[in-house]
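One file, run_9.pdb, carrying PDB, C-alpha atoms, pLDDT in the B column:
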MODEL        1
ATOM      1  CA  MET B   1     102.313 244.244  94.454  1.00 54.00           C
ATOM      2  CA  GLY B   2      99.977 246.800  95.897  1.00 59.00           C
ATOM      3  CA  TYR B   3      99.689 247.813  99.550  1.00 55.00           C
ATOM      4  CA  LEU B   4      96.720 245.492 100.251  1.00 53.00           C
ATOM      5  CA  GLU B   5      98.414 242.521  98.612  1.00 62.00           C
ATOM      6  CA  GLU B   6     101.626 243.153 100.595  1.00 64.00           C
ATOM      7  CA  ASN B   7      99.631 243.451 103.834  1.00 65.00           C
ATOM      8  CA  TYR B   8      97.775 240.181 103.097  1.00 65.00           C
ATOM      9  CA  PHE B   9     101.062 238.425 102.261  1.00 69.00           C
ATOM     10  CA  MET B  10     102.717 239.678 105.473  1.00 65.00           C
ATOM     11  CA  LYS B  11      99.746 238.481 107.558  1.00 65.00           C
ATOM     12  CA  LYS B  12     100.098 235.000 106.028  1.00 66.00           C
ATOM     13  CA  VAL B  13     103.840 234.938 106.735  1.00 66.00           C
ATOM     14  CA  LEU B  14     103.311 236.130 110.318  1.00 65.00           C
ATOM     15  CA  LEU B  15     100.612 233.496 110.891  1.00 62.00           C
ATOM     16  CA  ALA B  16     102.893 230.758 109.532  1.00 62.00           C
ATOM     17  CA  ILE B  17     105.721 231.869 111.837  1.00 71.00           C
ATOM     18  CA  CYS B  18     103.374 231.880 114.852  1.00 59.00           C
ATOM     19  CA  LEU B  19     102.034 228.389 114.103  1.00 58.00           C
ATOM     20  CA  LEU B  20     105.420 226.807 113.396  1.00 53.00           C
ATOM     21  CA  PRO B  21     106.327 226.123 117.063  1.00 58.00           C
ATOM     22  CA  ASN B  22     102.983 224.338 117.576  1.00 55.00           C
ATOM     23  CA  VAL B  23     103.751 221.998 114.720  1.00 52.00           C
ATOM     24  CA  LEU B  24     107.386 221.401 115.656  1.00 54.00           C
ATOM     25  CA  PHE B  25     106.854 221.029 119.407  1.00 60.00           C
ATOM     26  CA  ALA B  26     103.586 219.140 119.794  1.00 63.00           C
ATOM     27  CA  GLN B  27     102.249 219.068 123.332  1.00 77.00           C
ATOM     28  CA  LYS B  28     103.133 215.858 125.156  1.00 83.00           C
ATOM     29  CA  MET B  29     100.420 214.312 127.289  1.00 88.00           C
ATOM     30  CA  GLU B  30     100.352 211.342 129.648  1.00 92.00           C
ATOM     31  CA  ARG B  31      97.766 208.730 130.485  1.00 91.00           C
ATOM     32  CA  TYR B  32      97.926 206.122 133.216  1.00 94.00           C
ATOM     33  CA  CYS B  33      96.627 202.621 133.794  1.00 94.00           C
ATOM     34  CA  GLU B  34      96.722 199.988 136.501  1.00 95.00           C
ATOM     35  CA  LEU B  35      97.466 196.329 135.802  1.00 94.00           C
ATOM     36  CA  LEU B  36      96.270 193.831 138.426  1.00 92.00           C
ATOM     37  CA  ALA B  37      97.763 190.339 138.545  1.00 91.00           C
ATOM     38  CA  THR B  38      95.947 187.724 140.601  1.00 88.00           C
ATOM     39  CA  GLY B  39      97.109 184.127 140.988  1.00 82.00           C
ATOM     40  CA  ARG B  40      94.693 181.331 140.093  1.00 78.00           C
ATOM     41  CA  MET B  41      93.856 178.631 142.589  1.00 76.00           C
ATOM     42  CA  LEU B  42      95.886 175.427 142.118  1.00 78.00           C
ATOM     43  CA  SER B  43      97.664 176.865 139.075  1.00 76.00           C
ATOM     44  CA  THR B  44     100.839 178.686 138.141  1.00 75.00           C
ATOM     45  CA  LYS B  45      98.893 180.965 135.755  1.00 78.00           C
ATOM     46  CA  VAL B  46      97.786 184.496 136.629  1.00 82.00           C
ATOM     47  CA  THR B  47      94.693 186.494 135.736  1.00 83.00           C
ATOM     48  CA  ILE B  48      95.494 189.956 134.373  1.00 86.00           C
ATOM     49  CA  ALA B  49      93.001 192.829 134.627  1.00 86.00           C
ATOM     50  CA  VAL B  50      93.673 196.368 133.398  1.00 87.00           C
ATOM     51  CA  ASP B  51      92.026 199.585 134.557  1.00 88.00           C
ATOM     52  CA  PHE B  52      92.336 202.521 132.143  1.00 86.00           C
ATOM     53  CA  GLY B  53      90.155 204.750 134.343  1.00 85.00           C
ATOM     54  CA  GLU B  54      87.010 204.523 132.258  1.00 80.00           C
ATOM     55  CA  GLU B  55      83.588 204.129 133.777  1.00 77.00           C
ATOM     56  CA  ARG B  56      82.526 200.511 134.045  1.00 70.00           C
ATOM     57  CA  ALA B  57      79.819 198.335 135.472  1.00 71.00           C
ATOM     58  CA  PHE B  58      80.494 196.418 138.692  1.00 72.00           C
ATOM     59  CA  PHE B  59      80.576 192.991 137.035  1.00 73.00           C
ATOM     60  CA  LYS B  60      82.231 194.101 133.789  1.00 73.00           C
ATOM     61  CA  ASP B  61      85.097 191.965 132.510  1.00 75.00           C
ATOM     62  CA  THR B  62      88.277 194.064 132.805  1.00 69.00           C
ATOM     63  CA  ARG B  63      90.675 191.577 131.265  1.00 72.00           C
ATOM     64  CA  MET B  64      93.002 192.915 128.566  1.00 73.00           C
ATOM     65  CA  ARG B  65      91.620 192.917 125.012  1.00 77.00           C
ATOM     66  CA  ASP B  66      93.326 193.692 121.707  1.00 78.00           C
ATOM     67  CA  ASP B  67      92.170 196.188 119.041  1.00 80.00           C
ATOM     68  CA  GLU B  68      89.691 193.637 117.661  1.00 89.00           C
ATOM     69  CA  GLY B  69      88.135 192.995 121.083  1.00 84.00           C
ATOM     70  CA  LYS B  70      89.671 189.542 121.478  1.00 86.00           C
ATOM     71  CA  LEU B  71      90.942 188.505 124.894  1.00 83.00           C
ATOM     72  CA  VAL B  72      94.736 188.847 125.189  1.00 81.00           C
ATOM     73  CA  LYS B  73      96.128 185.779 126.939  1.00 81.00           C
ATOM     74  CA  PHE B  74      99.470 185.799 128.706  1.00 84.00           C
ATOM     75  CA  ASN B  75     101.722 182.876 129.580  1.00 83.00           C
ATOM     76  CA  SER B  76     102.991 184.585 132.729  1.00 86.00           C
ATOM     77  CA  LEU B  77     103.135 187.895 134.561  1.00 90.00           C
ATOM     78  CA  ILE B  78     106.404 188.697 132.773  1.00 93.00           C
ATOM     79  CA  ASP B  79     104.649 188.101 129.438  1.00 91.00           C
ATOM     80  CA  ALA B  80     102.001 190.674 130.445  1.00 91.00           C
ATOM     81  CA  LEU B  81     104.643 193.201 131.522  1.00 94.00           C
ATOM     82  CA  ASN B  82     106.542 192.705 128.246  1.00 95.00           C
ATOM     83  CA  TYR B  83     103.290 193.258 126.337  1.00 91.00           C
ATOM     84  CA  MET B  84     102.698 196.561 128.143  1.00 93.00           C
ATOM     85  CA  GLY B  85     106.259 197.631 127.279  1.00 94.00           C
ATOM     86  CA  SER B  86     105.688 196.750 123.618  1.00 92.00           C
ATOM     87  CA  GLN B  87     102.630 199.067 123.662  1.00 89.00           C
ATOM     88  CA  ASN B  88     104.826 201.999 124.844  1.00 91.00           C
ATOM     89  CA  TRP B  89     103.664 201.862 128.480  1.00 95.00           C
ATOM     90  CA  LYS B  90     106.347 202.681 131.094  1.00 97.00           C
ATOM     91  CA  LEU B  91     106.266 201.178 134.597  1.00 96.00           C
ATOM     92  CA  VAL B  92     105.770 203.818 137.299  1.00 96.00           C
ATOM     93  CA  ASN B  93     105.170 201.791 140.479  1.00 96.00           C
ATOM     94  CA  ALA B  94     104.521 198.211 141.587  1.00 95.00           C
ATOM     95  CA  PHE B  95     103.404 196.743 144.914  1.00 94.00           C
ATOM     96  CA  PRO B  96     101.555 193.689 146.333  1.00 93.00           C
ATOM     97  CA  ILE B  97      98.415 193.810 148.456  1.00 92.00           C
ATOM     98  CA  ALA B  98      97.430 190.719 150.429  1.00 88.00           C
ATOM     99  CA  THR B  99      93.732 189.837 150.273  1.00 81.00           C
ATOM    100  CA  GLY B 100      92.946 186.800 152.378  1.00 82.00           C
ATOM    101  CA  ASN B 101      95.530 184.138 151.566  1.00 81.00           C
ATOM    102  CA  GLN B 102      96.341 185.605 148.145  1.00 83.00           C
ATOM    103  CA  ASN B 103      98.549 188.448 146.921  1.00 85.00           C
ATOM    104  CA  VAL B 104      97.247 190.828 144.256  1.00 91.00           C
ATOM    105  CA  LEU B 105     100.086 192.549 142.429  1.00 94.00           C
ATOM    106  CA  HIS B 106      99.417 196.147 141.359  1.00 95.00           C
ATOM    107  CA  PHE B 107     101.426 197.729 138.545  1.00 96.00           C
ATOM    108  CA  TYR B 108     100.987 201.379 137.538  1.00 97.00           C
ATOM    109  CA  PHE B 109     102.002 202.397 134.022  1.00 97.00           C
ATOM    110  CA  LYS B 110     102.079 205.660 132.099  1.00 96.00           C
ATOM    111  CA  GLN B 111     102.128 206.317 128.369  1.00 94.00           C
ATOM    112  CA  GLU B 112     103.265 209.540 126.700  1.00 91.00           C
ATOM    113  CA  TYR B 113     101.720 210.711 123.459  1.00 85.00           C
ATOM    114  CA  ASP B 114     101.232 213.882 121.450  1.00 82.00           C
ATOM    115  CA  ALA B 115      97.972 215.766 121.916  1.00 75.00           C
ATOM    116  CA  SER B 116      97.590 215.663 118.128  1.00 72.00           C
ATOM    117  CA  GLU B 117      97.214 211.851 118.344  1.00 67.00           C
ATOM    118  CA  LEU B 118      93.907 212.171 120.193  1.00 63.00           C
ATOM    119  CA  ALA B 119      90.605 211.938 118.432  1.00 56.00           C
ATOM    120  CA  VAL B 120      87.868 214.449 119.258  1.00 49.00           C
ATOM    121  CA  ASP B 121      87.090 212.574 122.508  1.00 52.00           C
ATOM    122  CA  PRO B 122      89.826 213.377 125.113  1.00 50.00           C
ATOM    123  CA  LYS B 123      89.382 209.914 126.678  1.00 51.00           C
ATOM    124  CA  ALA B 124      89.898 208.212 123.326  1.00 57.00           C
ATOM    125  CA  GLU B 125      92.765 205.825 122.785  1.00 60.00           C
ATOM    126  CA  PRO B 126      95.826 207.515 121.208  1.00 57.00           C
ATOM    127  CA  LYS B 127      96.579 206.454 117.640  1.00 55.00           C
ATOM    128  CA  LYS B 128      99.263 203.808 117.274  1.00 52.00           C
TER     129      LYS B 128
ENDMDL
END
Whole structure, structure tokens version:
Amino acid sequence: MGYLEENYFMKKVLLAICLLPNVLFAQKMERYCELLATGRMLSTKVTIAVDFGEERAFFKDTRMRDDEGKLVKFNSLIDALNYMGSQNWKLVNAFPIATGNQNVLHFYFKQEYDASELAVDPKAEPKK
């Protein structure tokens, strides 16, 4: 091996050593969402709405949808909370707010993911 070939080889080895920590210790990121549970009139069922922080129109339907865009229906509030847990969301805070004669339950969740799971758009949904 000549001097130039050795120098090129050493640069490659040094670059690999520098990049190794980035691969082994991917940067963890967090995203948050709010789940709103509102009771229905004359029913034991609840309406679940989720806010992921994206821009939306005033009258836009914010009910939970699956990957295919179909409405996710829940049997109860506990069913909705279990669903969020199954999607790797962790409960951060929960509290009720009374509006008129009805309580609206607010649940705040966070989800951790690696930065490498993001698409080009930083607001994109992490890969599952």
* Which one is closest to B:Gly85: B:Arg31, B:Gly69, B:Phe109, B:Ala98? Count only C-alpha atoms. -> B:Phe109
* **Expansion of the PyMOL selection byres ((chain B and resi 101) around 12) into residues, as a PyMOL selection string** => chain B and resi 38-41+97-100+102-104
* Report the residues retrieved by the PyMOL selection byres ((chain B and resi 71) around 12) from the displayed file, expressed as a ChimeraX atom specification. => /B:47-50,61-70,72-74
Selection above as a file: C-alpha atoms, as a PDB file, keeping the file's coordinate frame:
ATOM      1  CA  THR B  47      94.693 186.494 135.736  1.00 83.00           C
ATOM      2  CA  ILE B  48      95.494 189.956 134.373  1.00 86.00           C
ATOM      3  CA  ALA B  49      93.001 192.829 134.627  1.00 86.00           C
ATOM      4  CA  VAL B  50      93.673 196.368 133.398  1.00 87.00           C
ATOM      5  CA  ASP B  61      85.097 191.965 132.510  1.00 75.00           C
ATOM      6  CA  THR B  62      88.277 194.064 132.805  1.00 69.00           C
ATOM      7  CA  ARG B  63      90.675 191.577 131.265  1.00 72.00           C
ATOM      8  CA  MET B  64      93.002 192.915 128.566  1.00 73.00           C
ATOM      9  CA  ARG B  65      91.620 192.917 125.012  1.00 77.00           C
ATOM     10  CA  ASP B  66      93.326 193.692 121.707  1.00 78.00           C
ATOM     11  CA  ASP B  67      92.170 196.188 119.041  1.00 80.00           C
ATOM     12  CA  GLU B  68      89.691 193.637 117.661  1.00 89.00           C
ATOM     13  CA  GLY B  69      88.135 192.995 121.083  1.00 84.00           C
ATOM     14  CA  LYS B  70      89.671 189.542 121.478  1.00 86.00           C
ATOM     15  CA  VAL B  72      94.736 188.847 125.189  1.00 81.00           C
ATOM     16  CA  LYS B  73      96.128 185.779 126.939  1.00 81.00           C
ATOM     17  CA  PHE B  74      99.470 185.799 128.706  1.00 84.00           C
TER      18      PHE B  74
END
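Between atom CA of B:Ser76 and atom CA of B:Leu36 lies a distance of 12.8 Å.
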* Result set of the PyMOL selection byres ((chain B and resi 28) around 7) on the coordinates above, as a ChimeraX atom specification -> /B:26-27,29-30,112-115
* **Test item: residues at most 6 Å from stretch 90-96 of chain B, all atoms listed in the file, excluding those fewer than 3 positions along its chain, as a count of residues only** => 7
* To do: Work out how far atom CA of B:Asn88 is from atom CA of B:Lys60, in Å to one decimal.
  =>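 According to the coordinates, atom CA of B:Lys60 and atom CA of B:Asn88 are separated by 25.6 Å.
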* With all atoms listed in the file as the atoms that count, which of B:Thr44, B:Leu35, B:Asp51, B:Ile17 lies nearest to B:Met84? ->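 The answer is B:Leu35, which sits nearest to B:Met84.
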